[in-house]
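Participant: See entry.tsv below, with TSV, C-alpha atoms.
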chain	number	residue	atom	x	y	z
A	1	MET	CA	80.34	120.91	60.38
A	2	SER	CA	79.10	124.40	61.27
A	3	VAL	CA	80.80	126.59	63.89
A	4	LEU	CA	77.81	126.11	66.20
A	5	GLU	CA	78.09	122.33	65.91
A	6	LYS	CA	81.82	122.52	66.65
A	7	VAL	CA	81.12	124.65	69.73
A	8	LYS	CA	78.59	122.06	70.89
A	9	GLU	CA	81.05	119.19	70.33
A	10	LEU	CA	83.84	121.05	72.13
A	11	ARG	CA	81.55	121.72	75.10
A	12	GLU	CA	80.62	118.03	75.29
A	13	VAL	CA	84.28	116.98	75.17
A	14	THR	CA	85.66	119.52	77.66
A	15	GLY	CA	82.69	120.67	79.77
A	16	ALA	CA	83.92	124.25	79.28
A	17	GLY	CA	81.56	127.22	78.90
A	18	MET	CA	80.14	128.27	75.52
A	19	GLN	CA	82.15	131.52	75.31
A	20	ASP	CA	85.38	129.72	76.24
A	21	CYS	CA	84.71	127.16	73.50
A	22	LYS	CA	83.98	129.85	70.92
A	23	ASN	CA	87.20	131.68	71.81
A	24	ALA	CA	89.22	128.45	71.71
A	25	LEU	CA	87.94	127.55	68.23
A	26	LYS	CA	88.59	131.09	67.01
A	27	GLU	CA	92.18	130.96	68.31
A	28	ASN	CA	92.80	127.55	66.70
A	29	ASN	CA	91.16	127.86	63.27
A	30	ASN	CA	88.16	125.76	64.36
A	31	ASP	CA	90.39	122.72	64.98
A	32	ILE	CA	88.71	120.62	67.71
A	33	ASP	CA	91.86	118.80	68.89
A	34	LYS	CA	93.93	121.97	69.12
A	35	SER	CA	91.04	123.70	70.89
A	36	VAL	CA	90.84	120.93	73.48
A	37	GLU	CA	94.57	121.34	74.19
A	38	TYR	CA	94.15	125.12	74.30
A	39	LEU	CA	91.34	124.83	76.88
A	40	ARG	CA	93.30	122.27	78.87
A	41	LYS	CA	96.23	124.67	79.14
A	42	LYS	CA	93.87	127.49	80.01
A	43	GLY	CA	92.27	125.21	82.61
A	44	VAL	CA	95.64	124.51	84.19
A	45	LEU	CA	96.14	128.24	84.62
A	46	LYS	CA	92.69	128.59	86.16
A	47	ALA	CA	93.28	125.63	88.41
A	48	SER	CA	96.58	127.02	89.69
A	49	LYS	CA	94.79	130.17	90.85
A	50	LYS	CA	92.21	128.09	92.71
A	51	SER	CA	94.75	125.73	94.30
A	52	SER	CA	95.55	128.18	97.12
A	53	ARG	CA	91.95	128.29	98.31
A	54	ASP	CA	90.86	126.36	101.40
A	55	ALA	CA	89.33	122.93	100.81
A	56	ALA	CA	87.92	121.33	103.96
A	57	GLU	CA	84.84	119.58	102.58
A	58	GLY	CA	84.85	116.53	100.34
A	59	LEU	CA	84.63	112.75	100.73
A	60	ILE	CA	86.41	109.75	102.20
A	61	ILE	CA	86.74	106.92	99.65
A	62	ILE	CA	87.19	103.22	100.31
A	63	GLY	CA	88.70	100.57	98.07
A	64	GLU	CA	88.87	96.85	98.75
A	65	ASN	CA	90.08	93.60	97.24
A	66	GLN	CA	91.05	90.21	98.68
A	67	ASN	CA	94.36	91.44	100.12
A	68	ASN	CA	94.01	95.16	100.77
A	69	PHE	CA	91.69	97.91	101.99
A	70	THR	CA	92.29	101.57	101.15
A	71	LEU	CA	91.16	104.90	102.59
A	72	THR	CA	91.50	108.12	100.58
A	73	GLU	CA	90.46	111.66	101.48
A	74	ILE	CA	89.73	114.11	98.66
A	75	ASN	CA	88.80	117.65	99.71
A	76	THR	CA	86.65	120.27	98.02
A	77	GLU	CA	85.84	123.85	98.97
A	78	THR	CA	82.11	123.30	99.46
A	79	ASP	CA	79.81	120.44	100.36
A	80	PHE	CA	77.82	121.27	97.22
A	81	VAL	CA	80.67	120.01	95.01
A	82	ALA	CA	81.14	116.96	97.26
A	83	LYS	CA	77.58	115.99	96.27
A	84	ASN	CA	78.23	116.61	92.56
A	85	ASN	CA	77.65	113.42	90.52
A	86	GLU	CA	80.74	114.00	88.40
A	87	PHE	CA	82.89	114.37	91.52
A	88	ILE	CA	81.38	111.21	93.06
A	89	GLU	CA	82.05	109.32	89.79
A	90	PHE	CA	85.66	110.52	89.91
A	91	CYS	CA	85.92	109.23	93.49
A	92	SER	CA	84.60	105.85	92.31
A	93	LYS	CA	87.43	105.63	89.75
A	94	VAL	CA	89.97	106.59	92.42
A	95	SER	CA	88.63	103.74	94.56
A	96	GLU	CA	89.49	101.21	91.86
A	97	VAL	CA	93.07	102.33	91.22
A	98	SER	CA	93.87	103.14	94.87
A	99	LEU	CA	94.53	99.44	95.50
A	100	ASN	CA	97.59	99.66	93.23
A	101	ALA	CA	99.24	102.37	95.36
A	102	ASN	CA	101.19	102.25	98.61
A	103	SER	CA	101.60	105.98	99.22
A	104	LEU	CA	99.96	109.32	98.42
A	105	ASP	CA	102.60	110.04	95.75
A	106	GLU	CA	102.00	106.68	94.10
A	107	LEU	CA	98.24	107.31	94.16
A	108	GLN	CA	98.65	110.71	92.47
A	109	ASN	CA	100.48	109.01	89.60
A	110	GLN	CA	97.94	106.22	89.06
A	111	LYS	CA	96.36	106.33	85.61
A	112	LEU	CA	92.68	107.05	84.98
A	113	ASN	CA	92.31	106.41	81.24
A	114	ASP	CA	94.95	108.67	79.61
A	115	SER	CA	95.61	110.95	82.60
A	116	THR	CA	97.09	110.52	86.04
A	117	ILE	CA	94.91	111.22	89.08
A	118	GLU	CA	96.88	114.43	89.63
A	119	GLU	CA	96.17	115.59	86.06
A	120	SER	CA	92.53	114.51	86.33
A	121	ILE	CA	92.12	116.66	89.46
A	122	VAL	CA	93.48	119.70	87.58
A	123	ASN	CA	90.96	119.08	84.80
A	124	LEU	CA	88.17	118.62	87.35
A	125	ILE	CA	89.10	121.92	89.04
A	126	SER	CA	88.83	123.68	85.67
A	127	LYS	CA	85.49	122.11	84.93
A	128	ILE	CA	83.81	122.42	88.34
A	129	GLY	CA	85.41	125.72	89.34
A	130	GLU	CA	86.53	124.80	92.86
A	131	ASN	CA	89.78	123.78	94.45
A	132	ILE	CA	90.06	119.99	94.88
A	133	LYS	CA	92.87	118.34	96.85
A	134	LEU	CA	94.01	114.75	97.25
A	135	ARG	CA	94.84	115.02	100.95
A	136	ARG	CA	95.72	111.66	102.52
A	137	PHE	CA	95.79	107.96	101.82
A	138	GLU	CA	96.16	104.67	103.70
A	139	ASN	CA	96.62	101.21	102.21
A	140	ILE	CA	95.84	98.56	104.83
A	141	ASN	CA	97.31	95.10	104.18
A	142	LYS	CA	94.85	92.51	105.46
A	143	ASP	CA	97.64	90.01	106.20
A	144	GLY	CA	95.08	87.22	106.12
A	145	GLN	CA	92.97	88.89	108.83
A	146	LYS	CA	89.40	90.20	108.66
A	147	ILE	CA	88.34	93.78	107.88
A	148	SER	CA	85.16	95.55	108.92
A	149	TYR	CA	84.17	99.15	108.22
A	150	TYR	CA	81.43	101.73	108.70
A	151	ILE	CA	80.64	104.70	106.42
A	152	HIS	CA	78.84	107.65	108.00
A	153	ASN	CA	76.88	110.15	105.84
A	154	LYS	CA	77.15	108.05	102.68
A	155	SER	CA	77.28	109.67	99.24
A	156	SER	CA	77.66	106.24	97.61
A	157	ASP	CA	78.56	102.69	98.62
A	158	LEU	CA	82.21	103.74	98.40
A	159	THR	CA	82.16	107.26	99.85
A	160	GLY	CA	81.06	109.22	102.91
A	161	LYS	CA	82.03	111.91	105.42
A	162	ILE	CA	83.51	109.53	108.03
A	163	VAL	CA	84.91	106.04	107.55
A	164	SER	CA	86.08	103.89	110.46
A	165	VAL	CA	87.83	100.55	109.93
A	166	ILE	CA	89.13	97.73	112.11
A	167	LYS	CA	91.45	94.90	111.22
A	168	TYR	CA	90.72	91.98	113.51
A	169	LYS	CA	90.96	88.25	113.99
A	170	SER	CA	88.10	85.90	114.79
A	171	ASN	CA	87.06	82.30	114.21
A	172	LYS	CA	83.33	82.99	114.03
A	173	ASP	CA	81.08	84.39	111.28
A	174	GLU	CA	78.93	85.94	114.03
A	175	SER	CA	81.77	88.36	114.74
A	176	LYS	CA	80.95	90.43	111.62
A	177	ASN	CA	78.04	92.24	113.26
A	178	PHE	CA	80.03	92.78	116.46
A	179	ALA	CA	82.94	94.19	114.42
A	180	ASN	CA	80.55	96.55	112.60
A	181	ASN	CA	79.31	97.86	115.95
A	182	ILE	CA	82.90	98.55	117.01
A	183	CYS	CA	83.41	100.53	113.79
A	184	MET	CA	80.31	102.59	114.61
A	185	HIS	CA	81.67	103.12	118.12
A	186	ILE	CA	84.94	104.47	116.66
A	187	ALA	CA	83.06	106.85	114.37
A	188	ALA	CA	81.05	108.20	117.31
A	189	MET	CA	83.70	108.26	120.06
A	190	SER	CA	86.92	109.10	118.16
A	191	PRO	CA	89.48	107.27	120.34
A	192	MET	CA	93.05	108.54	120.11
A	193	ALA	CA	94.66	105.09	120.39
A	194	LEU	CA	93.85	101.40	120.76
A	195	ASP	CA	95.18	101.14	124.32
A	196	GLU	CA	97.42	102.91	126.83
A	197	LYS	CA	100.72	101.70	125.35
A	198	ASN	CA	99.74	103.23	121.98
A	199	LEU	CA	98.64	106.57	123.46
A	200	ASP	CA	100.82	109.58	122.66
A	201	LYS	CA	103.29	110.06	125.52
A	202	ASN	CA	103.38	113.84	125.01
A	203	PHE	CA	99.59	113.95	125.36
A	204	LEU	CA	99.74	112.02	128.63
A	205	GLU	CA	102.53	114.23	129.98
A	206	SER	CA	100.56	117.36	129.11
A	207	GLU	CA	97.43	116.03	130.83
A	208	LYS	CA	99.48	115.07	133.88
A	209	LYS	CA	100.85	118.62	134.21
A	210	ILE	CA	97.36	120.12	133.93
A	211	ILE	CA	96.05	117.82	136.68
A	212	GLU	CA	99.06	118.59	138.91
A	213	GLU	CA	98.52	122.35	138.55
A	214	GLN	CA	94.82	122.06	139.33
A	215	LEU	CA	95.44	119.96	142.46
A	216	SER	CA	98.35	122.07	143.76
A	217	LYS	CA	96.14	125.17	143.68
A	218	GLU	CA	93.69	123.39	145.98
A	219	GLY	CA	96.41	123.13	148.67
A	220	LYS	CA	96.22	119.35	149.08
A	221	LYS	CA	99.01	117.28	150.65
A	222	PRO	CA	101.55	115.69	148.23
A	223	GLU	CA	100.49	112.10	149.05
A	224	ILE	CA	96.84	113.01	148.44
A	225	ILE	CA	97.76	114.78	145.19
A	226	GLU	CA	99.58	111.65	143.95
A	227	LYS	CA	96.58	109.42	144.69
A	228	ILE	CA	94.01	111.75	143.08
A	229	MET	CA	96.28	112.37	140.09
A	230	THR	CA	96.60	108.63	139.43
A	231	GLY	CA	92.80	108.30	139.40
A	232	LYS	CA	92.32	111.31	137.11
A	233	LEU	CA	95.05	110.16	134.73
A	234	ASN	CA	93.49	106.69	134.50
A	235	LYS	CA	90.21	108.36	133.58
A	236	VAL	CA	91.94	110.33	130.80
A	237	ILE	CA	93.47	107.11	129.49
A	238	SER	CA	90.16	105.22	129.50
A	239	GLU	CA	88.29	108.10	127.79
A	240	ASN	CA	90.85	108.32	124.98
A	241	THR	CA	91.64	104.67	124.23
A	242	LEU	CA	89.35	102.41	122.22
A	243	LEU	CA	89.59	99.45	124.59
A	244	GLY	CA	89.11	101.67	127.66
A	245	GLN	CA	86.10	103.66	126.45
A	246	SER	CA	82.55	102.94	127.57
A	247	TRP	CA	80.92	100.67	124.97
A	248	VAL	CA	78.24	102.60	123.04
A	249	VAL	CA	75.98	99.54	122.98
A	250	ASP	CA	76.16	99.01	126.75
A	251	GLN	CA	77.56	101.86	128.87
A	252	ASP	CA	78.13	99.49	131.81
A	253	LEU	CA	80.93	97.81	129.85
A	254	THR	CA	84.18	99.06	128.40
A	255	VAL	CA	84.98	98.00	124.82
A	256	LYS	CA	87.55	95.55	126.22
A	257	LYS	CA	84.96	93.98	128.54
A	258	ALA	CA	82.47	93.84	125.67
A	259	ILE	CA	85.07	91.90	123.63
A	260	ASP	CA	85.75	89.56	126.58
A	261	LYS	CA	81.99	88.95	126.91
A	262	PHE	CA	81.61	88.30	123.18
A	263	ASN	CA	84.48	85.80	123.24
A	264	LYS	CA	83.03	83.99	126.26
A	265	ASP	CA	79.49	83.86	124.81
A	266	ASN	CA	80.67	82.70	121.37
A	267	SER	CA	83.77	80.66	122.21
A	268	ASP	CA	85.77	83.01	119.99
A	269	ASN	CA	89.18	84.69	120.08
A	270	PHE	CA	88.04	88.08	118.70
A	271	GLU	CA	90.87	90.62	118.86
A	272	ILE	CA	91.31	94.09	117.35
A	273	ILE	CA	94.71	94.26	115.65
A	274	SER	CA	94.45	97.87	114.46
A	275	TYR	CA	91.88	100.53	113.67
A	276	TYR	CA	91.63	103.58	111.40
A	277	LYS	CA	89.34	106.58	111.19
A	278	PHE	CA	89.20	109.20	108.41
A	279	LYS	CA	86.92	112.19	108.85
A	280	VAL	CA	86.56	114.80	106.11
A	281	GLY	CA	88.48	117.98	106.90
A	282	GLU	CA	89.76	116.75	110.26
A	283	GLY	CA	92.68	118.93	111.35
A	284	ILE	CA	92.34	121.45	108.51
A	285	GLU	CA	92.36	125.08	109.60
A	286	VAL	CA	90.10	127.17	107.38
A	287	LYS	CA	91.19	130.77	107.03
A	288	LYS	CA	88.47	133.27	107.91
A	289	THR	CA	88.26	136.12	105.45
A	290	ASP	CA	86.92	139.61	105.99
A	291	PHE	CA	84.10	140.04	103.47
A	292	SER	CA	84.60	143.82	103.12
A	293	GLU	CA	88.33	143.37	102.53
A	294	GLU	CA	87.63	140.66	99.94
A	295	VAL	CA	85.29	143.03	98.06
A	296	LYS	CA	87.93	145.78	98.17
A	297	SER	CA	90.59	143.44	96.79
A	298	LEU	CA	88.28	142.40	93.95
A	299	ALA	CA	87.51	146.05	93.17
A	300	LYS	CA	91.23	146.77	92.86
Output the structure of this file as structure tokens.

Facilitator:
Amino acid sequence: MSVLEKVKELREVTGAGMQDCKNALKENNNDIDKSVEYLRKKGVLKASKKSSRDAAEGLIIIGENQNNFTLTEINTETDFVAKNNEFIEFCSKVSEVSLNANSLDELQNQKLNDSTIEESIVNLISKIGENIKLRRFENINKDGQKISYYIHNKSSDLTGKIVSVIKYKSNKDESKNFANNICMHIAAMSPMALDEKNLDKNFLESEKKIIEEQLSKEGKKPEIIEKIMTGKLNKVISENTLLGQSWVVDQDLTVKKAIDKFNKDNSDNFEIISYYKFKVGEGIEVKKTDFSEEVKSLAK
């Protein structure tokens, strides 16, 4: 086999650039296996440099079998890579093995062929040239109940930018479409909790203080302040809880009233047990860099 043919084979095996392959073969006496290991080690070094860079794009991945439903977020630096076919194929493989994990650490150690997911990500970083991070994971046990989900901005049947899920109980097949609409509502309205008792107490306390300060500045009497505050706080609760929000399908109803109506019309016992929403990059703070300073640092 000629050197050129070996370079071609090494490129096909590793996805590395031509010059990197030529150098690897030169350093390893044209031995393909040793060159692959050499490039892998070199890739790890490259990947470690990229791992500090912000990654707030990417995809949410679903996995499902008879007993479980999984949500995984994998981040990339740019949306361009999130649309890369190789990255989407990797996400598809993650979907399959995610059902064997119960935590993020367990997921990282799941095997994809001969490598763990963690090792596969390092190799993918080296090949694609961007930081990639396995950010968060949820394994939802169905417990014999029904699951419905909605994927917004799909990249494939398993991936998208937003995924909302509900676990619910129902006796009717007709509930599937209704459950799907609730998932779409969650994606659009982003409730903080299912109902008031599940709402963060610190959030409520903070909102209460803000309302009190606003009303006290208006010079109203204490008994009036208490009455107005109760009304305003109830509005905050309804706007931030799934069951209290206005139903996207019919703004005259809350989600709870829509469920009551569905149950009455269909003689059902539809009930949301829990819900989940993963949105790509949600909560990630992206550092803003000064372009001129970045150029100066590169020049140095």

Participant: Please, what distance in Å, to one decimal, runs between CA of Gly283 in chain A and CA of Asn240 in chain A?

Facilitator: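 One can read the CA of Gly283 in chain A to CA of Asn240 in chain A distance as 17.4 Å.
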
Participant: Kindly indicate which residue among A:Leu199, A:Cys21, A:Val163, A:Leu39 lies nearest to Glu73 in chain A, using all atoms listed in the file for the distances.

Facilitator: A:Val163

Participant: Please, what distance in Å, to one decimal, runs between CA of Lys172 in chain A and CA of Lys256 in chain A?

Facilitator: 18.0 Å

Participant: Neighbourhood query: residues within 12 Å of (86.0, 130.8, 70.4), file coordinates, counting all atoms listed in the file; return as a short mmCIF file (atom, residue, chain, number, x, y, z; two decimals) with C-alpha atoms, in the coordinates of the input.

Facilitator:
data_model
loop_
_atom_site.label_atom_id
_atom_site.label_comp_id
_atom_site.auth_asym_id
_atom_site.auth_seq_id
_atom_site.Cartn_x
_atom_site.Cartn_y
_atom_site.Cartn_z
CA VAL A 3 80.80 126.59 63.89
CA LEU A 4 77.81 126.11 66.20
CA LYS A 6 81.82 122.52 66.65
CA VAL A 7 81.12 124.65 69.73
CA LYS A 8 78.59 122.06 70.89
CA LEU A 10 83.84 121.05 72.13
CA ARG A 11 81.55 121.72 75.10
CA ALA A 16 83.92 124.25 79.28
CA GLY A 17 81.56 127.22 78.90
CA MET A 18 80.14 128.27 75.52
CA GLN A 19 82.15 131.52 75.31
CA ASP A 20 85.38 129.72 76.24
CA CYS A 21 84.71 127.16 73.50
CA LYS A 22 83.98 129.85 70.92
CA ASN A 23 87.20 131.68 71.81
CA ALA A 24 89.22 128.45 71.71
CA LEU A 25 87.94 127.55 68.23
CA LYS A 26 88.59 131.09 67.01
CA GLU A 27 92.18 130.96 68.31
CA ASN A 28 92.80 127.55 66.70
CA ASN A 29 91.16 127.86 63.27
CA ASN A 30 88.16 125.76 64.36
CA ASP A 31 90.39 122.72 64.98
CA ILE A 32 88.71 120.62 67.71
CA LYS A 34 93.93 121.97 69.12
CA SER A 35 91.04 123.70 70.89
CA VAL A 36 90.84 120.93 73.48
CA TYR A 38 94.15 125.12 74.30
CA LEU A 39 91.34 124.83 76.88
#

Participant: Using only C-alpha atoms, which of A:Ile225, A:Val280, A:Leu242, A:Val249 sits nearest Met192 in chain A?

Facilitator: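 Between A:Ile225, A:Val280, A:Leu242, A:Val249, the residue approaching Met192 in chain A most closely is A:Leu242.
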
Participant: Could you tell me how far CA of Thr72 in chain A lies from CA of Tyr275 in chain A, in Å and to one decimal?

Facilitator: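 CA of Thr72 in chain A sits 15.1 Å away from CA of Tyr275 in chain A.
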
Participant: Near Ile211 in chain A, within 8 Å and counting all atoms listed in the file, which residues show up once chain neighbours fewer than 5 positions away are dropped, as a ChimeraX atom specification?

Facilitator: /A:229,232-233

Participant: With distances taken over all atoms listed in the file, which of A:Ile182, A:Asn141, A:Gly129, A:Ile162 is nearest to Asp250 in chain A?

Facilitator: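 Smallest distance to Asp250 in chain A is found for A:Ile182.
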
Participant: Write out as a PyMOL selection string each polymer residue whose atoms come within 7 Å of Ile166 in chain A, counting all atoms listed in the file; drop sequence neighbours fewer than 2 positions from it.

Facilitator: chain A and resi 147-149+168+183+272+274-276

Participant: Of the candidates A:Ile117, A:Ile237, A:Ala258, A:Leu104, which one gets nearest to Cys91 in chain A if we count all atoms listed in the file?

Facilitator: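 Ranking A:Ile117, A:Ile237, A:Ala258, A:Leu104 by distance to Cys91 in chain A, first place goes to A:Ile117.
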
Participant: Taking all listed atoms of range 211-223 of chain A, build the axis-aligned box, pad each of the six sides by 3 Å, then write its centre and edge lengths in Å to one decimal as JSON.

Facilitator:
{"center_x": 97.6, "center_y": 118.6, "center_z": 143.7, "size_x": 13.9, "size_y": 19.1, "size_z": 20.0}

Participant: Tell me, as a list in words, which residues lie within 9 Å of Gln108 in chain A, counting all atoms listed in the file; anything in the same chain fewer than 6 positions away does not count.

Facilitator: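 Counting only the stated atoms, we get Ala101, Thr116, Ile117, Glu118, Glu119 and Leu134 of chain A.
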